[in-house]
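What's in target_15.cif: mmCIF, N, CA and C atoms
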data_model
#
loop_
_atom_site.label_atom_id
_atom_site.label_comp_id
_atom_site.auth_asym_id
_atom_site.auth_seq_id
_atom_site.Cartn_x
_atom_site.Cartn_y
_atom_site.Cartn_z
N MET A 129 25.51 18.06 -9.19
CA MET A 129 26.38 18.93 -8.41
C MET A 129 25.80 19.17 -7.02
N ARG A 130 24.49 19.30 -6.95
CA ARG A 130 23.86 19.57 -5.66
C ARG A 130 23.98 18.37 -4.72
N LYS A 131 23.83 17.15 -5.28
CA LYS A 131 23.98 15.95 -4.45
C LYS A 131 25.41 15.83 -3.93
N ASN A 132 26.38 16.25 -4.73
CA ASN A 132 27.77 16.20 -4.29
C ASN A 132 27.98 17.07 -3.06
N ILE A 133 27.44 18.28 -3.09
CA ILE A 133 27.61 19.21 -1.98
C ILE A 133 26.87 18.70 -0.74
N ILE A 134 25.66 18.19 -0.93
CA ILE A 134 24.89 17.66 0.19
C ILE A 134 25.61 16.47 0.80
N ASN A 135 26.11 15.56 -0.05
CA ASN A 135 26.84 14.40 0.45
C ASN A 135 28.09 14.83 1.20
N PHE A 136 28.81 15.82 0.69
CA PHE A 136 30.01 16.34 1.33
C PHE A 136 29.71 16.85 2.73
N ILE A 137 28.69 17.68 2.84
CA ILE A 137 28.34 18.30 4.12
C ILE A 137 27.81 17.26 5.11
N VAL A 138 26.93 16.37 4.64
CA VAL A 138 26.36 15.35 5.52
C VAL A 138 27.44 14.39 6.00
N THR A 139 28.39 14.07 5.13
CA THR A 139 29.49 13.17 5.53
C THR A 139 30.31 13.80 6.65
N ILE A 140 30.63 15.08 6.53
CA ILE A 140 31.40 15.75 7.57
C ILE A 140 30.63 15.81 8.89
N ILE A 141 29.36 16.18 8.82
CA ILE A 141 28.54 16.29 10.03
C ILE A 141 28.38 14.93 10.70
N LEU A 142 28.07 13.92 9.92
CA LEU A 142 27.88 12.58 10.48
C LEU A 142 29.20 12.02 11.03
N ALA A 143 30.30 12.28 10.34
CA ALA A 143 31.61 11.83 10.83
C ALA A 143 31.95 12.51 12.15
N TYR A 144 31.65 13.79 12.25
CA TYR A 144 31.93 14.50 13.51
C TYR A 144 31.09 13.94 14.65
N LEU A 145 29.81 13.76 14.41
CA LEU A 145 28.92 13.26 15.46
C LEU A 145 29.31 11.85 15.89
N LEU A 146 29.64 11.00 14.93
CA LEU A 146 30.04 9.63 15.27
C LEU A 146 31.40 9.59 15.96
N SER A 147 32.29 10.52 15.60
CA SER A 147 33.61 10.52 16.22
C SER A 147 33.58 10.95 17.68
N LEU A 148 32.49 11.53 18.11
CA LEU A 148 32.35 11.89 19.52
C LEU A 148 32.18 10.67 20.42
N VAL A 149 31.62 9.60 19.85
CA VAL A 149 31.32 8.42 20.67
C VAL A 149 31.96 7.13 20.17
N MET A 150 32.62 7.18 19.01
CA MET A 150 33.19 5.97 18.43
C MET A 150 34.66 6.18 18.09
N PRO A 151 35.39 5.10 17.79
CA PRO A 151 36.80 5.23 17.41
C PRO A 151 36.97 5.83 16.01
N TRP A 152 38.21 5.80 15.52
CA TRP A 152 38.56 6.45 14.27
C TRP A 152 37.78 5.91 13.08
N TRP A 153 37.38 4.65 13.10
CA TRP A 153 36.70 4.07 11.96
C TRP A 153 35.25 4.51 11.83
N SER A 154 34.81 5.40 12.68
CA SER A 154 33.46 5.94 12.55
C SER A 154 33.30 6.73 11.24
N VAL A 155 34.40 7.25 10.70
CA VAL A 155 34.31 7.94 9.41
C VAL A 155 33.91 6.98 8.30
N MET A 156 34.27 5.72 8.45
CA MET A 156 33.88 4.72 7.46
C MET A 156 32.38 4.46 7.52
N ILE A 157 31.84 4.42 8.72
CA ILE A 157 30.40 4.25 8.87
C ILE A 157 29.65 5.45 8.30
N ALA A 158 30.19 6.64 8.53
CA ALA A 158 29.56 7.85 8.00
C ALA A 158 29.55 7.84 6.48
N SER A 159 30.63 7.42 5.86
CA SER A 159 30.67 7.42 4.40
C SER A 159 29.81 6.31 3.80
N ILE A 160 29.72 5.17 4.49
CA ILE A 160 28.81 4.12 4.02
C ILE A 160 27.36 4.61 4.09
N ALA A 161 27.01 5.25 5.20
CA ALA A 161 25.63 5.74 5.37
C ALA A 161 25.28 6.80 4.33
N THR A 162 26.18 7.73 4.09
CA THR A 162 25.86 8.76 3.10
C THR A 162 25.83 8.19 1.69
N ALA A 163 26.66 7.18 1.41
CA ALA A 163 26.61 6.55 0.08
C ALA A 163 25.31 5.77 -0.11
N LEU A 164 24.78 5.23 0.97
CA LEU A 164 23.51 4.50 0.87
C LEU A 164 22.33 5.44 0.64
N PHE A 165 22.31 6.57 1.33
CA PHE A 165 21.14 7.42 1.30
C PHE A 165 21.23 8.62 0.37
N ILE A 166 22.43 9.01 -0.01
CA ILE A 166 22.61 10.11 -0.96
C ILE A 166 23.48 9.57 -2.09
N PRO A 167 22.87 8.92 -3.08
CA PRO A 167 23.66 8.26 -4.12
C PRO A 167 24.40 9.25 -5.02
N LEU A 168 25.63 8.91 -5.32
CA LEU A 168 26.45 9.70 -6.24
C LEU A 168 26.79 8.85 -7.45
N LYS A 169 27.29 9.49 -8.48
CA LYS A 169 27.60 8.78 -9.72
C LYS A 169 29.09 8.81 -10.00
N LYS A 170 29.53 7.77 -10.67
CA LYS A 170 30.89 7.64 -11.19
C LYS A 170 31.94 7.83 -10.10
N SER A 171 32.96 8.59 -10.40
CA SER A 171 34.08 8.72 -9.47
C SER A 171 33.75 9.60 -8.26
N ALA A 172 32.65 10.33 -8.31
CA ALA A 172 32.26 11.17 -7.17
C ALA A 172 31.97 10.31 -5.94
N VAL A 173 31.59 9.05 -6.14
CA VAL A 173 31.32 8.14 -5.02
C VAL A 173 32.57 8.00 -4.16
N PHE A 174 33.73 7.99 -4.78
CA PHE A 174 35.00 7.84 -4.06
C PHE A 174 35.54 9.19 -3.60
N PHE A 175 35.54 10.19 -4.49
CA PHE A 175 36.26 11.42 -4.21
C PHE A 175 35.54 12.38 -3.26
N ILE A 176 34.23 12.41 -3.26
CA ILE A 176 33.51 13.32 -2.35
C ILE A 176 33.74 12.94 -0.89
N PRO A 177 33.54 11.66 -0.48
CA PRO A 177 33.86 11.31 0.91
C PRO A 177 35.35 11.44 1.23
N LEU A 178 36.22 11.15 0.26
CA LEU A 178 37.65 11.30 0.48
C LEU A 178 37.98 12.75 0.83
N LEU A 179 37.47 13.68 0.06
CA LEU A 179 37.75 15.09 0.32
C LEU A 179 37.09 15.57 1.61
N ALA A 180 35.88 15.06 1.89
CA ALA A 180 35.18 15.48 3.11
C ALA A 180 35.95 15.05 4.36
N ILE A 181 36.39 13.82 4.39
CA ILE A 181 37.09 13.32 5.58
C ILE A 181 38.51 13.87 5.63
N LEU A 182 39.15 14.07 4.49
CA LEU A 182 40.46 14.71 4.47
C LEU A 182 40.37 16.08 5.11
N LEU A 183 39.39 16.86 4.71
CA LEU A 183 39.20 18.19 5.29
C LEU A 183 38.86 18.10 6.78
N PHE A 184 37.95 17.20 7.12
CA PHE A 184 37.53 17.05 8.52
C PHE A 184 38.71 16.67 9.41
N TRP A 185 39.47 15.65 9.03
CA TRP A 185 40.59 15.21 9.86
C TRP A 185 41.71 16.23 9.90
N PHE A 186 41.96 16.92 8.80
CA PHE A 186 43.00 17.95 8.80
C PHE A 186 42.64 19.07 9.77
N VAL A 187 41.41 19.56 9.66
CA VAL A 187 40.98 20.66 10.53
C VAL A 187 40.91 20.19 11.98
N TYR A 188 40.40 19.00 12.22
CA TYR A 188 40.29 18.49 13.58
C TYR A 188 41.66 18.29 14.21
N SER A 189 42.60 17.73 13.46
CA SER A 189 43.94 17.55 14.01
C SER A 189 44.65 18.88 14.21
N TYR A 190 44.37 19.85 13.34
CA TYR A 190 44.95 21.18 13.54
C TYR A 190 44.42 21.81 14.83
N LEU A 191 43.11 21.72 15.05
CA LEU A 191 42.53 22.30 16.26
C LEU A 191 43.05 21.62 17.52
N LEU A 192 43.20 20.30 17.48
CA LEU A 192 43.73 19.60 18.64
C LEU A 192 45.19 19.94 18.89
N SER A 193 45.98 20.04 17.82
CA SER A 193 47.41 20.30 17.96
C SER A 193 47.71 21.75 18.31
N SER A 194 46.90 22.65 17.86
CA SER A 194 47.17 24.06 18.14
C SER A 194 46.98 24.38 19.62
N GLY A 195 46.24 23.56 20.32
CA GLY A 195 46.04 23.77 21.75
C GLY A 195 47.30 23.58 22.58
N ASN A 196 48.25 22.80 22.05
CA ASN A 196 49.50 22.58 22.79
C ASN A 196 50.72 23.01 21.97
N ASP A 197 50.53 23.96 21.07
CA ASP A 197 51.60 24.52 20.25
C ASP A 197 52.28 23.45 19.39
N PHE A 198 51.52 22.46 18.93
CA PHE A 198 51.98 21.42 18.02
C PHE A 198 53.13 20.59 18.59
N THR A 199 53.22 20.49 19.90
CA THR A 199 54.32 19.76 20.53
C THR A 199 54.34 18.28 20.15
N LEU A 200 53.24 17.60 20.34
CA LEU A 200 53.18 16.17 20.02
C LEU A 200 53.27 15.94 18.51
N ALA A 201 52.61 16.78 17.72
CA ALA A 201 52.66 16.62 16.27
C ALA A 201 54.08 16.78 15.73
N LYS A 202 54.84 17.71 16.30
CA LYS A 202 56.24 17.89 15.88
C LYS A 202 57.07 16.67 16.23
N ARG A 203 56.84 16.10 17.40
CA ARG A 203 57.61 14.92 17.81
C ARG A 203 57.28 13.70 16.95
N ILE A 204 56.02 13.53 16.63
CA ILE A 204 55.64 12.40 15.78
C ILE A 204 56.15 12.62 14.36
N ALA A 205 56.12 13.86 13.88
CA ALA A 205 56.64 14.16 12.54
C ALA A 205 58.14 13.92 12.45
N VAL A 206 58.85 14.02 13.57
CA VAL A 206 60.28 13.70 13.57
C VAL A 206 60.47 12.19 13.49
N LEU A 207 59.61 11.42 14.18
CA LEU A 207 59.71 9.96 14.15
C LEU A 207 59.43 9.41 12.75
N LEU A 208 58.46 9.98 12.07
CA LEU A 208 58.15 9.58 10.71
C LEU A 208 59.04 10.38 9.76
N PRO A 209 59.24 9.91 8.55
CA PRO A 209 60.11 10.66 7.63
C PRO A 209 59.39 11.87 7.02
N LEU A 210 59.01 12.81 7.85
CA LEU A 210 58.28 14.00 7.40
C LEU A 210 59.06 15.27 7.65
N GLY A 211 60.29 15.17 8.05
CA GLY A 211 61.12 16.34 8.27
C GLY A 211 60.72 17.18 9.47
N GLY A 212 59.96 16.62 10.38
CA GLY A 212 59.55 17.36 11.57
C GLY A 212 58.45 18.38 11.32
N ASN A 213 57.80 18.33 10.18
CA ASN A 213 56.75 19.29 9.83
C ASN A 213 55.39 18.77 10.31
N PRO A 214 54.77 19.42 11.29
CA PRO A 214 53.49 18.92 11.80
C PRO A 214 52.35 19.07 10.78
N TYR A 215 52.45 20.02 9.87
CA TYR A 215 51.39 20.21 8.87
C TYR A 215 51.36 19.08 7.86
N VAL A 216 52.53 18.57 7.52
CA VAL A 216 52.59 17.41 6.62
C VAL A 216 52.01 16.19 7.32
N LEU A 217 52.26 16.07 8.62
CA LEU A 217 51.67 14.99 9.40
C LEU A 217 50.15 15.09 9.39
N MET A 218 49.62 16.28 9.53
CA MET A 218 48.17 16.47 9.48
C MET A 218 47.61 16.13 8.11
N LEU A 219 48.34 16.47 7.06
CA LEU A 219 47.91 16.15 5.70
C LEU A 219 47.92 14.64 5.48
N VAL A 220 48.96 13.96 5.94
CA VAL A 220 49.03 12.51 5.82
C VAL A 220 47.89 11.86 6.59
N THR A 221 47.60 12.38 7.77
CA THR A 221 46.49 11.88 8.57
C THR A 221 45.18 12.02 7.81
N GLY A 222 44.96 13.18 7.21
CA GLY A 222 43.75 13.40 6.43
C GLY A 222 43.65 12.50 5.23
N ILE A 223 44.77 12.25 4.55
CA ILE A 223 44.76 11.38 3.38
C ILE A 223 44.41 9.95 3.77
N ILE A 224 44.97 9.48 4.87
CA ILE A 224 44.67 8.11 5.32
C ILE A 224 43.18 7.98 5.66
N GLY A 225 42.64 8.93 6.40
CA GLY A 225 41.21 8.90 6.73
C GLY A 225 40.35 9.04 5.49
N GLY A 226 40.78 9.88 4.55
CA GLY A 226 40.03 10.07 3.32
C GLY A 226 40.00 8.82 2.46
N LEU A 227 41.12 8.12 2.38
CA LEU A 227 41.14 6.86 1.62
C LEU A 227 40.22 5.82 2.24
N ALA A 228 40.23 5.74 3.56
CA ALA A 228 39.33 4.80 4.24
C ALA A 228 37.87 5.15 3.96
N ALA A 229 37.56 6.45 3.99
CA ALA A 229 36.18 6.88 3.74
C ALA A 229 35.78 6.66 2.29
N GLY A 230 36.69 6.93 1.36
CA GLY A 230 36.38 6.74 -0.06
C GLY A 230 36.12 5.28 -0.40
N ILE A 231 36.95 4.39 0.12
CA ILE A 231 36.75 2.97 -0.13
C ILE A 231 35.46 2.49 0.53
N SER A 232 35.16 2.99 1.71
CA SER A 232 33.91 2.62 2.38
C SER A 232 32.70 3.13 1.62
N ALA A 233 32.81 4.30 1.01
CA ALA A 233 31.70 4.83 0.23
C ALA A 233 31.45 3.98 -1.01
N ILE A 234 32.51 3.46 -1.61
CA ILE A 234 32.32 2.54 -2.74
C ILE A 234 31.57 1.30 -2.28
N PHE A 235 31.93 0.80 -1.11
CA PHE A 235 31.20 -0.34 -0.54
C PHE A 235 29.74 0.01 -0.31
N GLY A 236 29.48 1.21 0.23
CA GLY A 236 28.11 1.65 0.46
C GLY A 236 27.31 1.76 -0.83
N LYS A 237 27.94 2.24 -1.88
CA LYS A 237 27.28 2.35 -3.19
C LYS A 237 26.95 0.96 -3.72
N GLN A 238 27.89 0.02 -3.62
CA GLN A 238 27.64 -1.34 -4.08
C GLN A 238 26.54 -2.00 -3.24
N LEU A 239 26.53 -1.72 -1.96
CA LEU A 239 25.50 -2.26 -1.08
C LEU A 239 24.13 -1.71 -1.47
N SER A 240 24.05 -0.43 -1.81
CA SER A 240 22.77 0.14 -2.22
C SER A 240 22.29 -0.46 -3.54
N LEU A 241 23.22 -0.77 -4.44
CA LEU A 241 22.84 -1.41 -5.71
C LEU A 241 22.30 -2.81 -5.47
N VAL A 242 22.90 -3.54 -4.54
CA VAL A 242 22.42 -4.89 -4.21
C VAL A 242 21.05 -4.81 -3.56
N LEU A 243 20.88 -3.88 -2.62
CA LEU A 243 19.59 -3.76 -1.94
C LEU A 243 18.49 -3.33 -2.91
N ASN A 244 18.78 -2.44 -3.83
CA ASN A 244 17.80 -2.01 -4.83
C ASN A 244 17.47 -3.15 -5.79
N HIS A 245 18.44 -3.97 -6.10
CA HIS A 245 18.21 -5.10 -7.00
C HIS A 245 17.29 -6.12 -6.32
N LYS A 246 17.47 -6.34 -5.02
CA LYS A 246 16.63 -7.30 -4.30
C LYS A 246 15.20 -6.78 -4.17
N LYS A 247 15.03 -5.45 -4.10
CA LYS A 247 13.67 -4.90 -4.03
C LYS A 247 12.93 -5.13 -5.34
N GLN A 248 13.64 -5.09 -6.45
CA GLN A 248 13.01 -5.26 -7.75
C GLN A 248 12.60 -6.69 -8.01
N LEU A 249 13.24 -7.65 -7.34
CA LEU A 249 12.90 -9.06 -7.55
C LEU A 249 11.64 -9.42 -6.89
#
Now, as a test, write the supplied structure out as structure tokens.
Amino acid sequence: MRKNIINFIVTIILAYLLSLVMPWWSVMIASIATALFIPLKKSAVFFIPLLAILLFWFVYSYLLSSGNDFTLAKRIAVLLPLGGNPYVLMLVTGIIGGLAAGISAIFGKQLSLVLNHKKQL
């Protein structure tokens, strides 16, 4: 349980720091790095980074959109079949980022298993 919380927090912090200087896929690098250095077990490898980036992107998009009274988010939500609801758009954004991070974390876990196997040889 403790590793889950540490991985969650480190993933959010690393994703934020990388997003300052890199494009959107920096969350994938953050989840690969945390999966390499803070190993998780079973389905937590996928779900902890998914939830971390979902929360991070939802909060980040909310903070960015609230600065202009959700004007752009409302317009994009009208273009997509979301009924013009900017909060649903933020949730969809978080889910997409979370899925990318979760799949990347699985890759990071598999990479750590390969690297550990090569050390034993």
**Prompt:** Between A:Lys237, A:Lys131, A:Arg203, A:Lys246, which is the closest to A:Ala161 once you count only N, CA and C atoms?
**Reply:**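 Ranked by minimum distance to A:Ala161, first place goes to A:Lys237.
Each of A:Lys247, A:Ser232, A:Asn135, A:Gly222 was compared to A:Pro167 using only N, CA and C atoms, and A:Asn135 turns out to be the nearest.
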**Asked** A:Ser159, A:Thr139, A:Asn213, A:Ser147: which is nearest A:Gly230, counting only N, CA and C atoms?
**Response** A:Ser159
**Prompt:** Taking into account only N, CA and C atoms, which residue in the set A:Ala233, A:Leu239, A:His245, A:Ser189 is nearest to A:Thr162?
**Reply:**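 Under the stated criterion, the closest residue is A:Ala233.
The shortest atom-to-atom distance to A:Gly236, with only C-alpha atoms taken into account, belongs to A:Ala163 out of A:Met156, A:Leu148, A:Val206, A:Ala163.
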**Request:** Rank A:Ile223, A:Leu142, A:Met129, A:Leu241 by their smallest atom-to-atom distance to A:Leu178, using only C-alpha atoms, and report the top residue only.
**Result:** A:Ile223
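Between atom C of A:Lys169 and atom N of A:Met150 the separation is 29.3 Å.
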**Item:** Members of stretch 129-245 of chain A assigned helix (DSSP H, G or I) by DSSP, as JSON, numbers by chain
**Value:** {"A": [130, 131, 132, 133, 134, 135, 136, 137, 138, 139, 140, 141, 142, 143, 144, 145, 146, 147, 154, 155, 156, 157, 158, 159, 160, 161, 162, 163, 164, 165, 172, 173, 174, 175, 176, 177, 178, 179, 180, 181, 182, 183, 184, 185, 186, 187, 188, 189, 190, 191, 192, 193, 194, 199, 200, 201, 202, 203, 204, 205, 206, 207, 214, 215, 216, 217, 218, 219, 220, 221, 222, 223, 224, 225, 226, 227, 228, 229, 230, 231, 232, 233, 234, 235, 236, 237, 238, 239, 240, 241, 242, 243, 244, 245]}
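The coordinates place atom C of A:Val149 at 20.5 Å from atom C of A:Ile231.
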**Prompt:** Between atom CA of A:Tyr190 and atom CA of A:Phe136, what is the spacing in Å?
**Reply:**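 Between atom CA of A:Phe136 and atom CA of A:Tyr190 the gap is 19.9 Å.
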**Request:** Can you pull out every residue within 5 Å of stretch 170-177 of chain A, counting only N, CA and C atoms, but drop anything in the same chain fewer than 2 positions away, and send it as a PyMOL selection string?
**Result:** chain A and resi 168+179-181+229-230
Those residues you just picked out, can you put them in a file as a CSV table (one decimal), keeping the file's coordinate frame with N, CA and C atoms?
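again.csv written:
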chain,number,residue,atom,x,y,z
A,168,LEU,N,25.6,8.9,-5.3
A,168,LEU,CA,26.4,9.7,-6.2
A,168,LEU,C,26.8,8.8,-7.4
A,179,LEU,N,37.5,13.7,0.1
A,179,LEU,CA,37.8,15.1,0.3
A,179,LEU,C,37.1,15.6,1.6
A,180,ALA,N,35.9,15.1,1.9
A,180,ALA,CA,35.2,15.5,3.1
A,180,ALA,C,36.0,15.0,4.4
A,181,ILE,N,36.4,13.8,4.4
A,181,ILE,CA,37.1,13.3,5.6
A,181,ILE,C,38.5,13.9,5.6
A,229,ALA,N,37.6,6.4,4.0
A,229,ALA,CA,36.2,6.9,3.7
A,229,ALA,C,35.8,6.7,2.3
A,230,GLY,N,36.7,6.9,1.4
A,230,GLY,CA,36.4,6.7,-0.1
A,230,GLY,C,36.1,5.3,-0.4
